[in-house]
Every structure is written in structure tokens, then in C-alpha cells.
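Worksheet: one structure, shown below.
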Amino acid sequence: QKEVEQNSGPLSVPEGAIASLNCTYSDRGSQSFFWYRQYSGKSPELIMSIYSNGDKEDGRFTAQLNKASQYVSLLIRDSQPSDSATYLCAVNNEYSSASKIIFGSGTRLSIRP
Amino acid sequence: KAGVTQTPRYLIKTRGQQVTLSCSPISGHRSVSWYQQTPGQGLQFLFEYFSETQRNKGNFPGRFSGRQFSNSRSEMNVSTLELGDSALYLCASSLDGLGYNEQFFGPGTRLTVL
């Protein structure tokens with residue numbers, strides 16, 4: 001079982017709709033959770049970080065964390081063509097070291113006009 | 001505030017050669033982590049440096065090494081290049097490398113080994 005799992009996609013969503021990206025993780029002791037966006041040929045860009053159960057909103061983005069069910073999700077409201085990218089979920093199960101961060105393989109999101 | 005910078009952006013080498021990549025973190029960030037990204041393996045952790053010391057190392061052979069300087073700039077070296085080393089090499093910086101710190105990536109160095 002992979003430590004951080006994401007559906008590879010592609011996930012196709014119409015423009016203006018809500019895109020929902022999901023991620024599950026295996027280590028129940030995980031502490032920190034991050035979402036990165038990566039355009040083709042570019043480096044990952046941090047979108048959101050979340051550390052506590054519940055929702056965290058930033059503009060059109062909402063991260064949701066449920067530690068009991070071991071999943072974290074990212075919602076993108078009013079999806080735009082510019083949101084088409086690969087979204088990486090990252091999980092860190094060691095509070096004391098960033099080097100334990102584990103990345104999922106990413107979900108490719110395509111926003112169709 | 002300037003972001004993470006990496007040089008060079010592109011490199012073409014042949015098997016058996018060695019290569020050195022450089023990374024300058026965001027000002028004030030003291031932790032630098034290096035990752036290898038390939039289509040098949042995704043993002044793989046190479047190592048992390050903090051205060052000129054390697055704190056952690058991923059599962060890569062000893063041909064991969066690195067160092068960090070007193071100004072937090074970091075270099076990684078790959079010796080005896082193999083075809084499978086072709087990848088995007090990314091560095092990421094964070095304030096002090098604690099698990100809850102956000103990491104910010106540089107643009108990467110794309111290495112092609114022929």
C-alpha cells in the first residue's frame with residue numbers, strides 16, 4: 001500500500017464547476033498536510049497547508065482534513081482553465097523534520113471550457 | 001521576497017560524467033531539501049540540509065551527495081551519471097525544516113543523461 005494515495009486522473013471538470021481532489025494516507029500519526037499545484041514542465045507550487053481537522057479556505061480553494069478517516073481533500077470552486085494542472089498531496093508524519101514529507105503521485109485535473 | 005533559485009536550469013551530460021547543481025533558498029530559510037522527480041517514480045526525497053549538516057537522507061545510492069554552506073545555499077552532486085539519473089531535480093526551502101513548515105520549491109534543474 002502506498003503511503004499517500006491519489007487518483008491519477010485525469011479528472012475532467014467543466015469550467016465554473018467545483019473540482020474535488022482526494023488524497024488518503026496510511027500513517028495515522030501524520031501531522032501536516034499540503035497541497036501543491038504543478039503545471040506541466042514546472043515545479044510544484046504550494047497552494048494550501050492544513051494541520052487540524054476540518055476545513056480551511058483560501059480564496060477559491062478549500063482544504064478538508066479528516067484524520068479519523070485518514071483523508072485530505074482539496075476543493076476548487078468556480079474552476080478555471082488555468083486550474084488545469086497536476087495536484088500533489090503531501091503528508092508529513094514527523095513534526096520535527098520536514099524531510100519526512102511524502103508526496104502522492106498526483107491527480108491530473110483538466111478544466112474543459 | 002525572492003523565491004528559491006536553482007542553477008543551471010538545464011543540463012545535458014553523458015554517462016559516467018558528474019554534475020553539480022546549485023540551490024539558493026528563500027532569504028531567512030535555513031533548511032534545504034532536494035528531490036528527484038521522474039514520470040515513473042514521482043517526487044522522491046534525496047536529502048535535507050540544515051545549518052550545514054545533512055539531517056536526513058533518502059534511499060539513493062552514494063553517488064548522490066550534497067552540502068550546504070554557511071549562507072544556507074546548497075549544492076548537490078551526482079557522480080558517475082547513469083541514464084536513469086535523467087530527471088527534474090528540485091530543491092525546496094523552509095524556515096527551519098520542522099515538519100509543519102511549508103516548503104517552497106525552486107524552478108528545478110532538468111538533467112538529461114545521454
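Identifiers for the C-alpha cells are assigned positionally: chains receive A, B, ... in sequence, residues are indexed from 1 per chain, and ligands are indexed from 1 in the order shown.
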Exercise for review: With a distance threshold of 7 Å and counting only C-alpha atoms, extract the residues of chain B near chain A and express them as a PyMOL selection string.
Suggested key: chain B and resi 33+42-43+48+56+97-101+104-108
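Omitting Ser82 of chain A and its sequence neighbours fewer than 3 positions away, and counting only C-alpha atoms, the residues within 12 Å are Glu15, Gly16, Arg37, Gln38, Tyr39, Ser40, Ile76, Asp78, Ser79, Ala85, Thr86, Leu109, Ser110, Ile111, Arg112 and Pro113 of chain A.
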File dump, residues just selected, all heavy atoms, as a compact mmCIF listing (two decimals), in the first residue's frame:
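As a result, out.txt now contains:
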# COMPACT_ATOMS: atom_id res chain seq x y z
N GLU A 15 -15.78 24.12 -16.80
CA GLU A 15 -15.45 25.45 -16.29
C GLU A 15 -16.60 25.97 -15.43
O GLU A 15 -17.76 25.85 -15.79
CB GLU A 15 -15.17 26.39 -17.45
CG GLU A 15 -14.71 27.78 -17.05
CD GLU A 15 -14.33 28.65 -18.24
OE1 GLU A 15 -14.35 28.13 -19.38
OE2 GLU A 15 -14.02 29.84 -18.04
N GLY A 16 -16.23 26.55 -14.28
CA GLY A 16 -17.24 27.10 -13.39
C GLY A 16 -17.74 26.13 -12.34
O GLY A 16 -18.37 26.54 -11.37
N ARG A 37 0.31 22.55 -6.52
CA ARG A 37 -0.13 22.54 -7.92
C ARG A 37 1.12 22.52 -8.78
O ARG A 37 2.06 23.28 -8.53
CB ARG A 37 -0.98 23.77 -8.21
CG ARG A 37 -1.41 23.92 -9.67
CD ARG A 37 -2.30 25.16 -9.82
NE ARG A 37 -1.60 26.38 -9.49
CZ ARG A 37 -2.21 27.53 -9.22
NH1 ARG A 37 -3.53 27.60 -9.23
NH2 ARG A 37 -1.50 28.61 -8.95
N GLN A 38 1.12 21.69 -9.80
CA GLN A 38 2.27 21.62 -10.70
C GLN A 38 1.80 21.65 -12.14
O GLN A 38 1.13 20.73 -12.61
CB GLN A 38 3.10 20.36 -10.43
CG GLN A 38 4.38 20.31 -11.23
CD GLN A 38 5.30 19.16 -10.83
OE1 GLN A 38 4.86 18.15 -10.29
NE2 GLN A 38 6.60 19.32 -11.08
N TYR A 39 2.17 22.71 -12.81
CA TYR A 39 1.90 22.80 -14.25
C TYR A 39 2.95 21.98 -14.98
O TYR A 39 4.07 21.81 -14.50
CB TYR A 39 1.94 24.26 -14.73
CG TYR A 39 0.82 25.12 -14.18
CD1 TYR A 39 1.08 26.18 -13.30
CD2 TYR A 39 -0.50 24.89 -14.56
CE1 TYR A 39 0.06 26.97 -12.81
CE2 TYR A 39 -1.53 25.69 -14.07
CZ TYR A 39 -1.24 26.71 -13.20
OH TYR A 39 -2.27 27.50 -12.70
N SER A 40 2.58 21.51 -16.16
CA SER A 40 3.47 20.66 -16.94
C SER A 40 4.80 21.38 -17.21
O SER A 40 4.83 22.52 -17.67
CB SER A 40 2.80 20.32 -18.27
OG SER A 40 3.64 19.52 -19.06
N ILE A 76 -11.84 23.04 -5.41
CA ILE A 76 -11.60 24.25 -6.18
C ILE A 76 -12.94 24.72 -6.70
O ILE A 76 -13.57 24.04 -7.53
CB ILE A 76 -10.62 23.99 -7.35
CG1 ILE A 76 -9.33 23.34 -6.85
CG2 ILE A 76 -10.31 25.31 -8.07
CD1 ILE A 76 -8.37 22.94 -7.97
N ASP A 78 -15.55 27.36 -8.69
CA ASP A 78 -15.53 28.19 -9.90
C ASP A 78 -14.27 27.86 -10.72
O ASP A 78 -13.45 28.74 -11.03
CB ASP A 78 -15.56 29.67 -9.53
CG ASP A 78 -15.71 30.59 -10.72
OD1 ASP A 78 -16.23 30.14 -11.76
OD2 ASP A 78 -15.26 31.77 -10.64
N SER A 79 -14.12 26.61 -11.07
CA SER A 79 -12.91 26.15 -11.77
C SER A 79 -12.66 26.93 -13.05
O SER A 79 -13.59 27.22 -13.82
CB SER A 79 -13.05 24.66 -12.10
OG SER A 79 -13.12 23.89 -10.93
N ALA A 85 -3.95 21.36 -14.21
CA ALA A 85 -2.59 21.08 -13.72
C ALA A 85 -2.63 19.74 -12.99
O ALA A 85 -3.68 19.12 -12.84
CB ALA A 85 -2.11 22.18 -12.78
N THR A 86 -1.48 19.32 -12.51
CA THR A 86 -1.41 18.16 -11.62
C THR A 86 -1.34 18.65 -10.19
O THR A 86 -0.57 19.57 -9.88
CB THR A 86 -0.18 17.29 -11.95
OG1 THR A 86 -0.31 16.76 -13.27
CG2 THR A 86 -0.06 16.13 -10.96
N LEU A 109 -5.73 17.29 -13.30
CA LEU A 109 -7.03 17.96 -13.41
C LEU A 109 -7.11 18.70 -14.74
O LEU A 109 -6.17 19.43 -15.09
CB LEU A 109 -7.22 18.94 -12.25
CG LEU A 109 -8.48 19.82 -12.29
CD1 LEU A 109 -9.74 18.97 -12.16
CD2 LEU A 109 -8.42 20.88 -11.20
N SER A 110 -8.21 18.51 -15.43
CA SER A 110 -8.43 19.20 -16.69
C SER A 110 -9.76 19.94 -16.61
O SER A 110 -10.80 19.33 -16.35
CB SER A 110 -8.44 18.20 -17.85
OG SER A 110 -8.74 18.85 -19.07
N ILE A 111 -9.71 21.24 -16.81
CA ILE A 111 -10.92 22.06 -16.80
C ILE A 111 -11.34 22.31 -18.25
O ILE A 111 -10.59 22.93 -19.02
CB ILE A 111 -10.70 23.39 -16.07
CG1 ILE A 111 -10.12 23.16 -14.68
CG2 ILE A 111 -12.01 24.19 -16.01
CD1 ILE A 111 -10.99 22.33 -13.78
N ARG A 112 -12.50 21.83 -18.61
CA ARG A 112 -12.94 21.98 -20.00
C ARG A 112 -13.87 23.20 -20.13
O ARG A 112 -14.77 23.40 -19.32
CB ARG A 112 -13.63 20.70 -20.49
CG ARG A 112 -14.82 20.24 -19.69
CD ARG A 112 -15.38 18.94 -20.27
NE ARG A 112 -16.67 18.62 -19.66
CZ ARG A 112 -16.82 17.90 -18.55
NH1 ARG A 112 -15.75 17.40 -17.94
NH2 ARG A 112 -18.02 17.65 -18.07
N PRO A 113 -13.60 24.03 -21.16
CA PRO A 113 -14.40 25.27 -21.34
C PRO A 113 -15.86 24.96 -21.65
O PRO A 113 -16.19 23.91 -22.18
CB PRO A 113 -13.71 25.94 -22.54
CG PRO A 113 -12.37 25.30 -22.64
CD PRO A 113 -12.53 23.89 -22.12
Review point. Where in segment 56-108 of chain B does DSSP assign strand (DSSP E or B), given as a PyMOL selection string?
Key: chain B and resi 56-57+64-68+74-78+87-94+104-105
Would you mind listing what lies within 6 Å of Thr24 of chain A as a tab-separated table (two decimals) with all heavy atoms, in the first residue's frame, with only C-alpha atoms counted and same-chain residues fewer than 6 positions away left out?
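Result file is out-v9.tsv:
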chain	number	residue	atom	x	y	z
A	4	VAL	N	0.88	7.58	0.51
A	4	VAL	CA	-0.03	8.66	0.15
A	4	VAL	C	-0.62	8.31	-1.21
A	4	VAL	O	0.13	8.16	-2.18
A	4	VAL	CB	0.69	10.01	0.09
A	4	VAL	CG1	-0.27	11.12	-0.32
A	4	VAL	CG2	1.32	10.32	1.45
A	5	GLU	N	-1.92	8.15	-1.26
A	5	GLU	CA	-2.57	7.73	-2.50
A	5	GLU	C	-3.47	8.80	-3.07
A	5	GLU	O	-4.24	9.44	-2.35
A	5	GLU	CB	-3.38	6.46	-2.25
A	5	GLU	CG	-2.54	5.26	-1.91
A	5	GLU	CD	-3.12	3.95	-2.40
A	5	GLU	OE1	-3.52	3.86	-3.57
A	5	GLU	OE2	-3.18	3.01	-1.59
A	70	GLN	N	-8.43	9.40	7.72
A	70	GLN	CA	-7.14	9.48	7.04
A	70	GLN	C	-7.28	9.95	5.60
A	70	GLN	O	-6.73	9.32	4.69
A	70	GLN	CB	-6.39	8.14	7.14
A	70	GLN	CG	-6.01	7.81	8.59
A	70	GLN	CD	-5.37	6.45	8.74
A	70	GLN	OE1	-5.90	5.56	9.43
A	70	GLN	NE2	-4.23	6.27	8.12
A	71	TYR	N	-8.00	11.01	5.43
A	71	TYR	CA	-8.03	11.58	4.09
A	71	TYR	C	-8.00	13.10	4.18
A	71	TYR	O	-8.40	13.72	5.16
A	71	TYR	CB	-9.26	11.11	3.29
A	71	TYR	CG	-10.55	11.86	3.54
A	71	TYR	CD1	-10.76	13.11	2.96
A	71	TYR	CD2	-11.56	11.31	4.30
A	71	TYR	CE1	-11.95	13.80	3.17
A	71	TYR	CE2	-12.75	11.99	4.52
A	71	TYR	CZ	-12.93	13.23	3.95
A	71	TYR	OH	-14.10	13.90	4.17
Practice item. Write out as a VMD selection string which residues come within 10 Å of segment 3-13 of chain B when counting only C-alpha atoms, dropping same-chain ones fewer than 6 positions away. Key: chain B and resid 19 to 27 29 32 73 to 75 81 to 83 86 88 to 94 104 to 114
Practice item. Figure out the distance between atom CA of Asn77 of chain B and atom CA of Arg63 of chain B, please, to one decimal in Å. Key: 7.7 Å
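If you count only C-alpha atoms and ignore residues fewer than 4 places along the chain from Arg67 of chain B, what sits within 8 Å of it is Tyr49, Glu52, Thr53, Gln54, Ser74, Glu75 and Met76 of chain B.
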Those same residues, written as a PDB file, in the first residue's frame with C-alpha atoms?
ATOM      1  CA  TYR B  49      20.385  20.090   4.962  1.00  0.00           C
ATOM      2  CA  GLU B  52      25.410  22.993   7.031  1.00  0.00           C
ATOM      3  CA  THR B  53      24.569  19.480   8.269  1.00  0.00           C
ATOM      4  CA  GLN B  54      22.813  16.705   6.441  1.00  0.00           C
ATOM      5  CA  SER B  74      23.172  24.189  -1.084  1.00  0.00           C
ATOM      6  CA  GLU B  75      24.708  22.086  -3.806  1.00  0.00           C
ATOM      7  CA  MET B  76      24.084  18.521  -4.810  1.00  0.00           C
TER       8      MET B  76
END
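When only C-alpha atoms are used to measure the gap to Asp96 of chain B, the shortest distance among B:Ser65, B:Ser31, B:Gln44, B:Thr14 belongs to B:Ser31.
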